[in-house]
Amino acid sequence: MRVTNRMMNNTLLLNLNRGLARLERINNQLGTKKKINRPSDDPVKTGVILRTSTSIRETEQYIRNLDAAVSWLDAADVILQDVVSVIHRAKELAVAGASTHLDETARQALADEIAQLHDNLLQLANSTHGGRYLFAGQHTDKKPFSGGGVTGDRINDVTFLMSLTGDETKIEFEIAPGITIDVNVISYNPDDNPQEGLFMPIFNALQELYGELVDDTGDPDIPLQDLDNSLDNVLRKISELGGKQNRVELARERMLDLQLNLTRILSEEQDLDYAEAIMELKMEEFAYRTALAVGARIIQPSLVDFLR
């Protein structure tokens, strides 16, 4: 094969361009801190990186869901603990009011405190978390309980504004693929009358207790059993919340471990080894400079240059 100056020039330029391309690739890697910047760099690893990145984003969303669930459950737990305190105080007042030796002034003082407990319970039942009502099912923008206050010798009725049934009352968070958990406290059993739920029996018991204390007969019929039943119901809800809190915490720890593992895998596939990249860069620079020097020696002036 006859070798011409043109062929030598083209071959030299081709090799120089390839060397420049390799230098550009390494410089780009050092700039982005990633081994793979385009799918063409490594199609197989690109697929692994995309799948791993998607899994990391999904895991981060599950962690956010779990954080929101923990926050909601903690808020409900604090409120129910305060409800327990209200019931305990009401029971103390009920026991004191059961005495037939109290005069009218003492009985009225007990009744006034019961009215305050009723108002406090109404405030707790209408508690919000992040601007959303805790005990209104999915209708978190509507105040679930209204009424109350004292008129004459009785406490006004409390009305439960939500008429929710079945799954409509649940607020659910997806905490894992295909796995959800409901975090809100259902304020009544959908299979029962709303008046027989979590808060209404307490309202009714306090209302009845107030009426007995202001009664002039002097022989009060104190609804202690109703308060005991309400207390048991609230404690069951607190126990249920505790179980959910433990479950969510375990799920969150598992998701954090998964996120760490996925991040490590992504780093191994994508992050650049700086020592290796810099060494490769120096080698390519040396090869490119050598190619330039060799090209300058090979491509000598032609015969035409001497005939000018």
# chains A, B, ... in the order shown; residues from 1 in each chain; ligands from 1
call {"tool": "residues_around", "arguments": {"residues": "segment 113-116 of chain A", "least_positions_apart": "6", "cutoff": "9 Å", "atoms": "only C-alpha atoms", "output": "list in words"}}
result
Arg89, Ala90, Leu93, Ala94, Gly148, Gly149, Val150, Ile155, Leu206, Gln207, Leu209 and Tyr210 of chain A
call {"tool": "write_last_selection", "arguments": {"atoms": "all heavy atoms", "output": "PDB file, in the first residue's frame"}}
result
ATOM      1  N   ARG A  89     -60.053  13.975  86.670  1.00  0.00           N
ATOM      2  CA  ARG A  89     -60.503  15.092  87.513  1.00  0.00           C
ATOM      3  C   ARG A  89     -62.022  15.073  87.669  1.00  0.00           C
ATOM      4  O   ARG A  89     -62.546  15.341  88.770  1.00  0.00           O
ATOM      5  CB  ARG A  89     -60.049  16.412  86.892  1.00  0.00           C
ATOM      6  CG  ARG A  89     -60.439  17.643  87.721  1.00  0.00           C
ATOM      7  CD  ARG A  89     -59.933  17.549  89.130  1.00  0.00           C
ATOM      8  NE  ARG A  89     -60.355  18.697  89.942  1.00  0.00           N
ATOM      9  CZ  ARG A  89     -60.300  18.734  91.264  1.00  0.00           C
ATOM     10  NH1 ARG A  89     -59.854  17.680  91.955  1.00  0.00           N
ATOM     11  NH2 ARG A  89     -60.674  19.818  91.920  1.00  0.00           N
ATOM     12  N   ALA A  90     -62.736  14.734  86.612  1.00  0.00           N
ATOM     13  CA  ALA A  90     -64.193  14.655  86.701  1.00  0.00           C
ATOM     14  C   ALA A  90     -64.617  13.569  87.691  1.00  0.00           C
ATOM     15  O   ALA A  90     -65.592  13.744  88.449  1.00  0.00           O
ATOM     16  CB  ALA A  90     -64.786  14.379  85.325  1.00  0.00           C
ATOM     17  N   LEU A  93     -64.218  14.905  91.208  1.00  0.00           N
ATOM     18  CA  LEU A  93     -65.316  15.812  91.536  1.00  0.00           C
ATOM     19  C   LEU A  93     -66.617  15.046  91.736  1.00  0.00           C
ATOM     20  O   LEU A  93     -67.443  15.407  92.594  1.00  0.00           O
ATOM     21  CB  LEU A  93     -65.471  16.855  90.441  1.00  0.00           C
ATOM     22  CG  LEU A  93     -64.280  17.798  90.233  1.00  0.00           C
ATOM     23  CD1 LEU A  93     -64.532  18.717  89.042  1.00  0.00           C
ATOM     24  CD2 LEU A  93     -64.015  18.617  91.488  1.00  0.00           C
ATOM     25  N   ALA A  94     -66.804  13.984  90.953  1.00  0.00           N
ATOM     26  CA  ALA A  94     -68.015  13.181  91.080  1.00  0.00           C
ATOM     27  C   ALA A  94     -68.061  12.487  92.429  1.00  0.00           C
ATOM     28  O   ALA A  94     -69.124  12.429  93.088  1.00  0.00           O
ATOM     29  CB  ALA A  94     -68.081  12.156  89.951  1.00  0.00           C
ATOM     30  N   GLY A 148     -72.078  23.220  73.629  1.00  0.00           N
ATOM     31  CA  GLY A 148     -71.494  23.402  74.943  1.00  0.00           C
ATOM     32  C   GLY A 148     -71.892  24.733  75.558  1.00  0.00           C
ATOM     33  O   GLY A 148     -72.741  25.475  75.045  1.00  0.00           O
ATOM     34  N   GLY A 149     -71.270  25.043  76.678  1.00  0.00           N
ATOM     35  CA  GLY A 149     -71.635  26.245  77.413  1.00  0.00           C
ATOM     36  C   GLY A 149     -72.784  25.970  78.369  1.00  0.00           C
ATOM     37  O   GLY A 149     -73.533  24.994  78.216  1.00  0.00           O
ATOM     38  N   VAL A 150     -72.933  26.808  79.365  1.00  0.00           N
ATOM     39  CA  VAL A 150     -73.949  26.629  80.401  1.00  0.00           C
ATOM     40  C   VAL A 150     -75.110  27.589  80.153  1.00  0.00           C
ATOM     41  O   VAL A 150     -74.905  28.777  79.919  1.00  0.00           O
ATOM     42  CB  VAL A 150     -73.361  26.865  81.803  1.00  0.00           C
ATOM     43  CG1 VAL A 150     -74.447  26.748  82.868  1.00  0.00           C
ATOM     44  CG2 VAL A 150     -72.229  25.877  82.073  1.00  0.00           C
ATOM     45  N   ILE A 155     -75.787  22.119  81.141  1.00  0.00           N
ATOM     46  CA  ILE A 155     -74.794  22.339  80.084  1.00  0.00           C
ATOM     47  C   ILE A 155     -75.449  22.032  78.738  1.00  0.00           C
ATOM     48  O   ILE A 155     -76.121  21.004  78.584  1.00  0.00           O
ATOM     49  CB  ILE A 155     -73.559  21.442  80.291  1.00  0.00           C
ATOM     50  CG1 ILE A 155     -72.832  21.824  81.576  1.00  0.00           C
ATOM     51  CG2 ILE A 155     -72.606  21.542  79.104  1.00  0.00           C
ATOM     52  CD1 ILE A 155     -71.630  20.948  81.887  1.00  0.00           C
ATOM     53  N   LEU A 206     -70.454  14.310  81.631  1.00  0.00           N
ATOM     54  CA  LEU A 206     -70.200  15.586  82.298  1.00  0.00           C
ATOM     55  C   LEU A 206     -71.468  16.428  82.360  1.00  0.00           C
ATOM     56  O   LEU A 206     -71.725  17.113  83.362  1.00  0.00           O
ATOM     57  CB  LEU A 206     -69.095  16.351  81.560  1.00  0.00           C
ATOM     58  CG  LEU A 206     -67.683  15.737  81.600  1.00  0.00           C
ATOM     59  CD1 LEU A 206     -66.711  16.580  80.790  1.00  0.00           C
ATOM     60  CD2 LEU A 206     -67.192  15.606  83.034  1.00  0.00           C
ATOM     61  N   GLN A 207     -72.252  16.389  81.299  1.00  0.00           N
ATOM     62  CA  GLN A 207     -73.513  17.120  81.288  1.00  0.00           C
ATOM     63  C   GLN A 207     -74.455  16.590  82.371  1.00  0.00           C
ATOM     64  O   GLN A 207     -75.072  17.366  83.113  1.00  0.00           O
ATOM     65  CB  GLN A 207     -74.167  16.997  79.907  1.00  0.00           C
ATOM     66  CG  GLN A 207     -75.442  17.807  79.738  1.00  0.00           C
ATOM     67  CD  GLN A 207     -76.079  17.571  78.379  1.00  0.00           C
ATOM     68  OE1 GLN A 207     -76.150  16.435  77.911  1.00  0.00           O
ATOM     69  NE2 GLN A 207     -76.541  18.639  77.751  1.00  0.00           N
ATOM     70  N   LEU A 209     -73.542  14.889  85.074  1.00  0.00           N
ATOM     71  CA  LEU A 209     -72.946  15.166  86.380  1.00  0.00           C
ATOM     72  C   LEU A 209     -73.225  16.597  86.808  1.00  0.00           C
ATOM     73  O   LEU A 209     -73.558  16.864  87.975  1.00  0.00           O
ATOM     74  CB  LEU A 209     -71.440  14.909  86.316  1.00  0.00           C
ATOM     75  CG  LEU A 209     -70.630  15.191  87.579  1.00  0.00           C
ATOM     76  CD1 LEU A 209     -71.160  14.379  88.751  1.00  0.00           C
ATOM     77  CD2 LEU A 209     -69.148  14.892  87.336  1.00  0.00           C
ATOM     78  N   TYR A 210     -73.127  17.528  85.874  1.00  0.00           N
ATOM     79  CA  TYR A 210     -73.414  18.922  86.191  1.00  0.00           C
ATOM     80  C   TYR A 210     -74.865  19.078  86.643  1.00  0.00           C
ATOM     81  O   TYR A 210     -75.155  19.761  87.638  1.00  0.00           O
ATOM     82  CB  TYR A 210     -73.141  19.797  84.976  1.00  0.00           C
ATOM     83  CG  TYR A 210     -73.392  21.271  85.212  1.00  0.00           C
ATOM     84  CD1 TYR A 210     -72.378  22.087  85.687  1.00  0.00           C
ATOM     85  CD2 TYR A 210     -74.643  21.847  84.952  1.00  0.00           C
ATOM     86  CE1 TYR A 210     -72.595  23.446  85.898  1.00  0.00           C
ATOM     87  CE2 TYR A 210     -74.870  23.187  85.170  1.00  0.00           C
ATOM     88  CZ  TYR A 210     -73.843  23.988  85.649  1.00  0.00           C
ATOM     89  OH  TYR A 210     -74.067  25.320  85.874  1.00  0.00           O
TER      90      TYR A 210
END
call {"tool": "residues_around", "arguments": {"residues": "segment 55-65 of chain A", "least_positions_apart": "5", "cutoff": "7 Å", "atoms": "only C-alpha atoms", "output": "PDB file with N, CA and C atoms, in the first residue's frame"}}
result
ATOM      1  N   PHE A 173     -51.580   6.790  55.208  1.00  0.00           N
ATOM      2  CA  PHE A 173     -50.288   7.104  54.598  1.00  0.00           C
ATOM      3  C   PHE A 173     -49.689   5.811  54.069  1.00  0.00           C
ATOM      4  N   GLU A 174     -49.126   5.888  52.865  1.00  0.00           N
ATOM      5  CA  GLU A 174     -48.426   4.728  52.321  1.00  0.00           C
ATOM      6  C   GLU A 174     -47.008   4.731  52.880  1.00  0.00           C
ATOM      7  N   ILE A 175     -46.674   3.693  53.651  1.00  0.00           N
ATOM      8  CA  ILE A 175     -45.391   3.647  54.343  1.00  0.00           C
ATOM      9  C   ILE A 175     -44.427   2.653  53.707  1.00  0.00           C
ATOM     10  N   ALA A 176     -44.886   1.902  52.733  1.00  0.00           N
ATOM     11  CA  ALA A 176     -44.068   0.947  51.994  1.00  0.00           C
ATOM     12  C   ALA A 176     -44.854   0.583  50.739  1.00  0.00           C
ATOM     13  N   ARG A 252     -39.888   3.297  59.754  1.00  0.00           N
ATOM     14  CA  ARG A 252     -39.006   4.425  59.423  1.00  0.00           C
ATOM     15  C   ARG A 252     -37.540   4.010  59.516  1.00  0.00           C
ATOM     16  N   MET A 255     -36.719   1.991  56.474  1.00  0.00           N
ATOM     17  CA  MET A 255     -36.575   2.810  55.281  1.00  0.00           C
ATOM     18  C   MET A 255     -35.267   3.608  55.293  1.00  0.00           C
ATOM     19  N   GLN A 259     -32.489   3.366  52.477  1.00  0.00           N
ATOM     20  CA  GLN A 259     -31.977   4.559  51.796  1.00  0.00           C
ATOM     21  C   GLN A 259     -30.454   4.595  51.843  1.00  0.00           C
ATOM     22  N   LEU A 262     -29.116   1.935  49.373  1.00  0.00           N
ATOM     23  CA  LEU A 262     -29.279   2.351  47.977  1.00  0.00           C
ATOM     24  C   LEU A 262     -28.308   3.472  47.619  1.00  0.00           C
TER      25      LEU A 262
END
call {"tool": "closest_atom_pairs", "arguments": {"of": "segment 46-116 of chain A", "to": "segment 263-273 of chain A", "cutoff": "10 Å", "atoms": "only C-alpha atoms", "output": "CSV"}}
result
residue,atom,partner,partner_atom,distance
A:Thr46,CA,A:Gln270,CA,8.7
A:Val48,CA,A:Glu269,CA,7.8
A:Ile49,CA,A:Leu266,CA,6.1
A:Leu50,CA,A:Leu266,CA,9.1
A:Arg51,CA,A:Leu266,CA,9.5
A:Thr52,CA,A:Leu266,CA,6.3
A:Ser53,CA,A:Leu266,CA,7.2
A:Ser55,CA,A:Thr263,CA,9.6
A:Ile56,CA,A:Thr263,CA,7.1
call {"tool": "write_last_selection", "arguments": {"atoms": "N, CA and C atoms", "output": "PDB file, in the first residue's frame"}}
result
ATOM      1  N   THR A  46     -25.701   2.727  33.217  1.00  0.00           N
ATOM      2  CA  THR A  46     -26.721   3.778  33.176  1.00  0.00           C
ATOM      3  C   THR A  46     -28.073   3.237  33.635  1.00  0.00           C
ATOM      4  N   VAL A  48     -28.577   0.703  35.657  1.00  0.00           N
ATOM      5  CA  VAL A  48     -28.495   0.458  37.107  1.00  0.00           C
ATOM      6  C   VAL A  48     -28.643   1.766  37.877  1.00  0.00           C
ATOM      7  N   ILE A  49     -27.971   2.811  37.386  1.00  0.00           N
ATOM      8  CA  ILE A  49     -28.026   4.109  38.062  1.00  0.00           C
ATOM      9  C   ILE A  49     -29.434   4.676  38.051  1.00  0.00           C
ATOM     10  N   LEU A  50     -30.126   4.588  36.915  1.00  0.00           N
ATOM     11  CA  LEU A  50     -31.488   5.131  36.820  1.00  0.00           C
ATOM     12  C   LEU A  50     -32.440   4.381  37.748  1.00  0.00           C
ATOM     13  N   ARG A  51     -32.324   3.047  37.771  1.00  0.00           N
ATOM     14  CA  ARG A  51     -33.199   2.272  38.651  1.00  0.00           C
ATOM     15  C   ARG A  51     -32.912   2.569  40.122  1.00  0.00           C
ATOM     16  N   THR A  52     -31.638   2.685  40.461  1.00  0.00           N
ATOM     17  CA  THR A  52     -31.279   2.965  41.849  1.00  0.00           C
ATOM     18  C   THR A  52     -31.729   4.362  42.257  1.00  0.00           C
ATOM     19  N   SER A  53     -31.564   5.339  41.370  1.00  0.00           N
ATOM     20  CA  SER A  53     -32.004   6.711  41.672  1.00  0.00           C
ATOM     21  C   SER A  53     -33.507   6.759  41.893  1.00  0.00           C
ATOM     22  N   SER A  55     -35.389   4.296  42.967  1.00  0.00           N
ATOM     23  CA  SER A  55     -35.660   3.652  44.258  1.00  0.00           C
ATOM     24  C   SER A  55     -35.349   4.593  45.420  1.00  0.00           C
ATOM     25  N   ILE A  56     -34.283   5.372  45.289  1.00  0.00           N
ATOM     26  CA  ILE A  56     -33.933   6.321  46.352  1.00  0.00           C
ATOM     27  C   ILE A  56     -35.014   7.382  46.498  1.00  0.00           C
TER      28      ILE A  56
END
call {"tool": "closest_residue", "arguments": {"among": "A:Val95, A:Leu14, A:Ile181, A:Ala106", "to": "Leu227 of chain A", "atoms": "only C-alpha atoms"}}
result
A:Val95
call {"tool": "select_by_dssp", "arguments": {"residues": "segment 30-158 of chain A", "states": "strand (DSSP E)", "output": "list in words"}}
result
Thr128, His129, Arg132, Tyr133, Phe145, Ser146, Gly147, Val150, Thr151, Arg154, Ile155 and Val158 of chain A
call {"tool": "residues_around", "arguments": {"residues": "Lys282 of chain A", "least_positions_apart": "6", "cutoff": "12 Å", "atoms": "only C-alpha atoms", "output": "ChimeraX atom specification"}}
result
/A:22-23,26-27,275-276,288-289
call {"tool": "write_last_selection", "arguments": {"atoms": "N, CA and C atoms", "output": "compact mmCIF listing (two decimals), in the first residue's frame"}}
result
# COMPACT_ATOMS: atom_id res chain seq x y z
N ARG A 22 -10.66 11.81 24.68
CA ARG A 22 -10.43 11.15 25.97
C ARG A 22 -10.14 12.18 27.06
N LEU A 23 -9.36 13.20 26.72
CA LEU A 23 -9.09 14.27 27.69
C LEU A 23 -10.37 15.01 28.08
N ILE A 26 -12.42 12.86 30.52
CA ILE A 26 -11.90 12.85 31.89
C ILE A 26 -12.12 14.20 32.57
N ASN A 27 -11.90 15.28 31.82
CA ASN A 27 -12.16 16.61 32.38
C ASN A 27 -13.63 16.78 32.78
N ALA A 275 -8.53 9.79 42.54
CA ALA A 275 -7.13 9.38 42.35
C ALA A 275 -6.95 8.68 41.01
N GLU A 276 -7.86 7.78 40.69
CA GLU A 276 -7.77 7.06 39.42
C GLU A 276 -7.97 8.01 38.24
N TYR A 288 -0.97 12.60 24.65
CA TYR A 288 -1.31 13.63 23.67
C TYR A 288 -0.09 14.47 23.31
N ARG A 289 0.69 14.86 24.31
CA ARG A 289 1.90 15.65 24.02
C ARG A 289 2.91 14.82 23.21
call {"tool": "atom_distance", "arguments": {"atom1": "atom CA of Asp232 of chain A", "atom2": "atom CA of Met200 of chain A"}}
result
13.9 Å
call {"tool": "closest_residue", "arguments": {"among": "A:Glu284, A:Asp157, A:Asp82, A:Arg25", "to": "Ser40 of chain A", "atoms": "only C-alpha atoms"}}
result
A:Arg25
call {"tool": "select_by_dssp", "arguments": {"residues": "segment 130-268 of chain A", "states": "alpha helix (DSSP H)", "output": "PyMOL selection string"}}
result
chain A and resi 200-213+224-268
call {"tool": "residues_around", "arguments": {"residues": "Tyr133 of chain A", "least_positions_apart": "4", "cutoff": "12 Å", "atoms": "only C-alpha atoms", "output": "JSON, numbers by chain"}}
result
{"A": [72, 75, 76, 79, 123, 124, 125, 126, 127, 128, 129, 137, 138, 139, 140, 141, 142, 143, 144, 145, 162, 171, 184, 185, 186, 187]}
call {"tool": "residues_around", "arguments": {"residues": "Leu250 of chain A", "least_positions_apart": "6", "cutoff": "10 Å", "atoms": "only C-alpha atoms", "output": "MDAnalysis selection string"}}
result
chainID A and resid 66 244 256
call {"tool": "atom_distance", "arguments": {"atom1": "atom CA of Glu249 of chain A", "atom2": "atom CA of Asn261 of chain A"}}
result
18.5 Å
call {"tool": "atom_distance", "arguments": {"atom1": "atom CA of Gln81 of chain A", "atom2": "atom CA of Ile238 of chain A"}}
result
7.7 Å
call {"tool": "closest_residue", "arguments": {"among": "A:Met7, A:Ile278, A:Leu292, A:Val70", "to": "Gly242 of chain A", "atoms": "only C-alpha atoms"}}
result
A:Val70
